[in-house]
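Visitor: Sharing a structure below in structure tokens format, with a few things to ask.
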Amino acid sequence: EKETNIAENSLEFVSDNSFTMSATKLWDGTITYNNGNGWTTWSGGQISSNAINGRQRIYFRGSRNTIIRGQNATETNSWKITGSNVECNGNIECLLDYQKVAAGIHPAMGRNCYKEMFSNCSSLTTAPELPATTLEYDCYNSMFYKCSSLTSAPALPATTLAYECYYSMFAYCSSLTTAPELPATTL
């Protein structure tokens, strides 16, 4: 599949240094990745970054997902990034359904969406955009827990939250210096 801009409508992981990524498959649709060799369906196995436009990159996008997370009742395995100084750029909703995002639609998020996704990821320095305005039970719970290199928090525009949203989202993020605004009106 040839594209003029593979970064469009995808979530980008980028660094000046090579890195790898892996995860236990805890999503309910499809996720594909592109590290310069075309879009490939991902089952969570280890992927290596490749040089694209002068930096090491891996792009991800999803279809028909309502849940993407780093843990469930029997497994805890956040998205693992092995490397250093890795930025995550773009809209996290592209992992749920990139075609809906391209059409200007917020894909539906299920319970526990993004829970512990990057937990204990010391390589991550930049968080993705989190544009959802309505969150289900436990969304974003411990999403960046112990991300010790994360230097800034993303905007949190959600106005309607369910129980345990944001719980321990930035706990032990020792490099954060400011907290995000919390505009929620329904808790």
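Residue names in the structure tokens use chain letters A, B, ... in the order shown, residue numbers from 1 in each chain, and ligand numbers from 1 in the order shown.
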With only C-alpha atoms counted and 6 Å as the cut-off, give the residues of stretch 82-107 of chain A in contact with stretch 123-140 of chain A, each with its shortest interatomic distance in Å and the pair that gives it, as CSV.
Guide:
residue,atom,partner,partner_atom,distance
A:Ser84,CA,A:Ser123,CA,4.7
A:Asn85,CA,A:Ser123,CA,5.4
A:Val86,CA,A:Leu124,CA,4.9
A:Glu87,CA,A:Thr126,CA,4.6
A:Cys88,CA,A:Pro128,CA,5.2
A:Asn89,CA,A:Pro128,CA,5.0
A:Gly90,CA,A:Pro128,CA,5.5
A:Asn91,CA,A:Glu129,CA,4.7
A:Ile92,CA,A:Pro128,CA,5.9
Visitor: DSSP says alpha helix (DSSP H) for which residues of stretch 4-171 of chain A? Put them as a short mmCIF file (atom, residue, chain, number, x, y, z; two decimals) with N, CA and C atoms, in the first residue's frame?
Guide:
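Now in out_10.cif:
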data_model
loop_
_atom_site.label_atom_id
_atom_site.label_comp_id
_atom_site.auth_asym_id
_atom_site.auth_seq_id
_atom_site.Cartn_x
_atom_site.Cartn_y
_atom_site.Cartn_z
N CYS A 94 -6.37 7.34 16.57
CA CYS A 94 -6.02 6.65 15.32
C CYS A 94 -5.82 5.16 15.55
N LEU A 95 -5.52 4.77 16.79
CA LEU A 95 -5.40 3.34 17.09
C LEU A 95 -6.76 2.66 17.17
N LEU A 96 -7.79 3.42 17.50
CA LEU A 96 -9.14 2.85 17.55
C LEU A 96 -9.68 2.67 16.14
N ASP A 97 -9.74 3.75 15.37
CA ASP A 97 -10.23 3.68 13.99
C ASP A 97 -9.76 4.90 13.23
N TYR A 98 -8.67 4.73 12.49
CA TYR A 98 -8.06 5.88 11.81
C TYR A 98 -8.97 6.48 10.75
N GLN A 99 -9.87 5.68 10.15
CA GLN A 99 -10.76 6.22 9.13
C GLN A 99 -11.81 7.14 9.74
N LYS A 100 -12.29 6.82 10.94
CA LYS A 100 -13.23 7.71 11.63
C LYS A 100 -12.53 9.01 12.02
N VAL A 101 -11.30 8.91 12.49
CA VAL A 101 -10.54 10.11 12.85
C VAL A 101 -10.36 10.99 11.62
N ALA A 102 -10.04 10.38 10.49
CA ALA A 102 -9.87 11.13 9.24
C ALA A 102 -11.15 11.85 8.83
#
Visitor: Considering only C-alpha atoms, return as a list in words whatever protein or nucleic-acid residues lie within 12 Å of A:Cys165, sequence-local ones (same chain, fewer than 4 positions apart) excluded.
Guide: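 Residues meeting the cut-off are Arg111, Asn112, Cys113, Tyr114, Lys115, Glu116, Thr134, Leu135, Glu136, Tyr137, Asp138, Cys139, Tyr140, Asn141, Ser142, Met143, Leu156, Ala158, Thr159, Thr160, Leu161, Met169, Phe170, Leu182, Ala184, Thr186 and Leu187 of chain A.
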Visitor: Write the residues of the selection above to a file with N, CA, C and O atoms, as a compact mmCIF listing (two decimals), in the first residue's frame.
Guide:
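Written out: part_32.txt:
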# COMPACT_ATOMS: atom_id res chain seq x y z
N ARG A 111 -14.85 0.38 28.00
CA ARG A 111 -14.34 0.38 29.37
C ARG A 111 -12.86 -0.02 29.37
O ARG A 111 -12.45 -0.89 28.62
N ASN A 112 -12.10 0.62 30.23
CA ASN A 112 -10.67 0.33 30.42
C ASN A 112 -9.78 0.72 29.23
O ASN A 112 -8.65 0.27 29.15
N CYS A 113 -10.30 1.51 28.32
CA CYS A 113 -9.51 1.85 27.14
C CYS A 113 -8.24 2.61 27.55
O CYS A 113 -8.29 3.54 28.35
N TYR A 114 -7.14 2.20 27.02
CA TYR A 114 -5.80 2.75 27.24
C TYR A 114 -5.28 2.53 28.67
O TYR A 114 -4.25 3.07 29.04
N LYS A 115 -5.96 1.74 29.47
CA LYS A 115 -5.51 1.47 30.84
C LYS A 115 -4.12 0.84 30.81
O LYS A 115 -3.88 -0.14 30.12
N GLU A 116 -3.18 1.45 31.56
CA GLU A 116 -1.80 0.98 31.71
C GLU A 116 -1.06 0.81 30.38
O GLU A 116 -0.09 0.07 30.30
N THR A 134 -15.65 12.35 25.94
CA THR A 134 -16.44 11.52 26.85
C THR A 134 -15.67 10.23 27.10
O THR A 134 -15.28 9.55 26.15
N LEU A 135 -15.44 9.91 28.39
CA LEU A 135 -14.66 8.73 28.74
C LEU A 135 -15.52 7.70 29.46
O LEU A 135 -16.36 8.05 30.28
N GLU A 136 -15.27 6.44 29.16
CA GLU A 136 -15.95 5.33 29.83
C GLU A 136 -15.19 4.96 31.10
O GLU A 136 -14.09 5.45 31.37
N TYR A 137 -15.75 4.05 31.87
CA TYR A 137 -15.15 3.55 33.11
C TYR A 137 -13.69 3.18 32.92
O TYR A 137 -13.34 2.46 31.99
N ASP A 138 -12.82 3.72 33.78
CA ASP A 138 -11.42 3.33 33.88
C ASP A 138 -10.53 3.76 32.69
O ASP A 138 -9.40 3.30 32.58
N CYS A 139 -11.03 4.59 31.80
CA CYS A 139 -10.19 5.03 30.67
C CYS A 139 -8.99 5.83 31.17
O CYS A 139 -9.12 6.61 32.11
N TYR A 140 -7.86 5.61 30.57
CA TYR A 140 -6.59 6.28 30.88
C TYR A 140 -6.04 5.94 32.27
O TYR A 140 -5.03 6.50 32.68
N ASN A 141 -6.65 5.03 33.00
CA ASN A 141 -6.15 4.63 34.31
C ASN A 141 -4.70 4.16 34.19
O ASN A 141 -4.40 3.26 33.41
N SER A 142 -3.79 4.79 34.92
CA SER A 142 -2.37 4.43 34.96
C SER A 142 -1.71 4.40 33.58
O SER A 142 -0.71 3.72 33.36
N MET A 143 -2.24 5.14 32.64
CA MET A 143 -1.73 5.11 31.26
C MET A 143 -0.24 5.42 31.18
O MET A 143 0.50 4.80 30.42
N LEU A 156 -6.15 17.35 28.28
CA LEU A 156 -7.21 16.40 28.64
C LEU A 156 -8.55 17.11 28.50
O LEU A 156 -9.12 17.60 29.47
N ALA A 158 -11.59 16.11 27.92
CA ALA A 158 -12.84 15.41 28.26
C ALA A 158 -13.65 16.22 29.26
O ALA A 158 -13.12 16.74 30.24
N THR A 159 -14.95 16.30 29.00
CA THR A 159 -15.86 17.01 29.92
C THR A 159 -16.76 16.05 30.68
O THR A 159 -17.35 16.44 31.68
N THR A 160 -16.87 14.82 30.21
CA THR A 160 -17.68 13.81 30.89
C THR A 160 -16.81 12.61 31.21
O THR A 160 -16.29 11.96 30.29
N LEU A 161 -16.65 12.34 32.51
CA LEU A 161 -15.79 11.25 32.96
C LEU A 161 -16.59 10.20 33.71
O LEU A 161 -17.52 10.52 34.42
N MET A 169 -2.90 8.24 36.50
CA MET A 169 -2.47 8.42 35.11
C MET A 169 -1.02 8.88 35.00
O MET A 169 -0.29 8.43 34.12
N PHE A 170 -0.60 9.79 35.88
CA PHE A 170 0.77 10.31 35.84
C PHE A 170 1.54 10.01 37.12
O PHE A 170 2.53 10.67 37.42
N LEU A 182 -7.92 20.41 33.84
CA LEU A 182 -8.96 19.39 33.91
C LEU A 182 -10.32 20.05 33.77
O LEU A 182 -10.96 20.41 34.75
N ALA A 184 -13.23 18.93 32.98
CA ALA A 184 -14.42 18.08 33.12
C ALA A 184 -15.51 18.77 33.94
O ALA A 184 -15.23 19.40 34.96
N THR A 186 -18.66 16.89 34.30
CA THR A 186 -19.43 15.78 34.83
C THR A 186 -18.48 14.68 35.25
O THR A 186 -17.73 14.15 34.44
N LEU A 187 -18.51 14.37 36.56
CA LEU A 187 -17.59 13.37 37.11
C LEU A 187 -18.36 12.20 37.67
O LEU A 187 -19.45 12.35 38.16
Visitor: Calculated over only C-alpha atoms, which of the candidates A:Tyr59, A:Tyr172, A:Tyr33, A:Trp39 has the smallest distance to A:Phe13?
Guide: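 Comparing A:Tyr59, A:Tyr172, A:Tyr33, A:Trp39 against A:Phe13, the winner is A:Tyr59.
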Visitor: Between atom CA of A:Gly83 and atom CA of A:Ala155, what distance in Å does the model show, to one decimal?
Guide: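 Calculated distance between atom CA of A:Gly83 and atom CA of A:Ala155 is 25.4 Å.
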Visitor: Could you give me, as a ChimeraX atom specification, each residue of stretch 15-172 of chain A that DSSP assigns to strand (DSSP E) when run on this structure's backbone?
Guide: /A:15,20-22,30-34,40-41,47-48,50-52,55-63,80-82,86-89,124-126
Visitor: For the atom pair atom CA of A:Ser22 and atom CA of A:Thr82, what is the interatomic distance in Å to one decimal place?
Guide: 8.7 Å
Visitor: Find the residues of stretch 1-30 of chain A that sit at most 7 Å from stretch 49-52 of chain A; for each, write down the nearest two atoms and how far apart they are in Å, to one decimal. Count only C-alpha atoms. Sort by chain, then by number going up, and give it as JSON lines.
Guide:
{"residue": "A:Ser18", "atom": "CA", "partner": "A:Ser49", "partner_atom": "CA", "distance": 5.9}
{"residue": "A:Phe19", "atom": "CA", "partner": "A:Ser49", "partner_atom": "CA", "distance": 5.6}
{"residue": "A:Thr20", "atom": "CA", "partner": "A:Ser49", "partner_atom": "CA", "distance": 6.0}
Visitor: Using N, CA and C atoms, can you write the selected residues to a file as a PDB file, in the first residue's frame?
Guide:
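As written to disk, result.pdb reads:
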ATOM      1  N   SER A  18      17.705   4.140  17.291  1.00  0.00           N
ATOM      2  CA  SER A  18      16.867   2.991  16.952  1.00  0.00           C
ATOM      3  C   SER A  18      16.171   2.483  18.212  1.00  0.00           C
ATOM      4  N   PHE A  19      14.989   1.896  18.034  1.00  0.00           N
ATOM      5  CA  PHE A  19      14.209   1.369  19.147  1.00  0.00           C
ATOM      6  C   PHE A  19      13.332   0.229  18.650  1.00  0.00           C
ATOM      7  N   THR A  20      12.788  -0.544  19.581  1.00  0.00           N
ATOM      8  CA  THR A  20      11.842  -1.598  19.242  1.00  0.00           C
ATOM      9  C   THR A  20      10.580  -1.412  20.071  1.00  0.00           C
TER      10      THR A  20
END
Visitor: If we count only C-alpha atoms, what is near stretch 45-48 of chain A at a cut-off of 12 Å, once residues fewer than 5 positions away on the same chain are taken out, given as a PyMOL selection string?
Guide: chain A and resi 13-15+17-25+31-37+40+56-60+79-83
Visitor: For atom CA of A:Thr151 and atom CA of A:Ala7, quote the distance in Å rounded to one decimal.
Guide: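 That distance, rounded to one decimal, is 22.7 Å.
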Visitor: Using only C-alpha atoms, find the one residue out of A:Ala103, A:Ala153, A:Cys147, A:Ala162 that sits nearest to A:Ser174.
Guide: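 Counting only C-alpha atoms, the residue closest to A:Ser174 is A:Cys147.
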Visitor: Considering only C-alpha atoms, state which residue in the set A:Pro157, A:Ile68, A:Asn9, A:Ile105 is at the smallest distance from A:Phe118.
Guide: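 Closest candidate: A:Ile68.
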Visitor: Please provide the set of residues having any atom within 7 Å of A:Trp27, restricted to only C-alpha atoms, with same-chain residues fewer than 6 positions apart removed, written as a PyMOL selection string.
Guide: chain A and resi 65+67-69
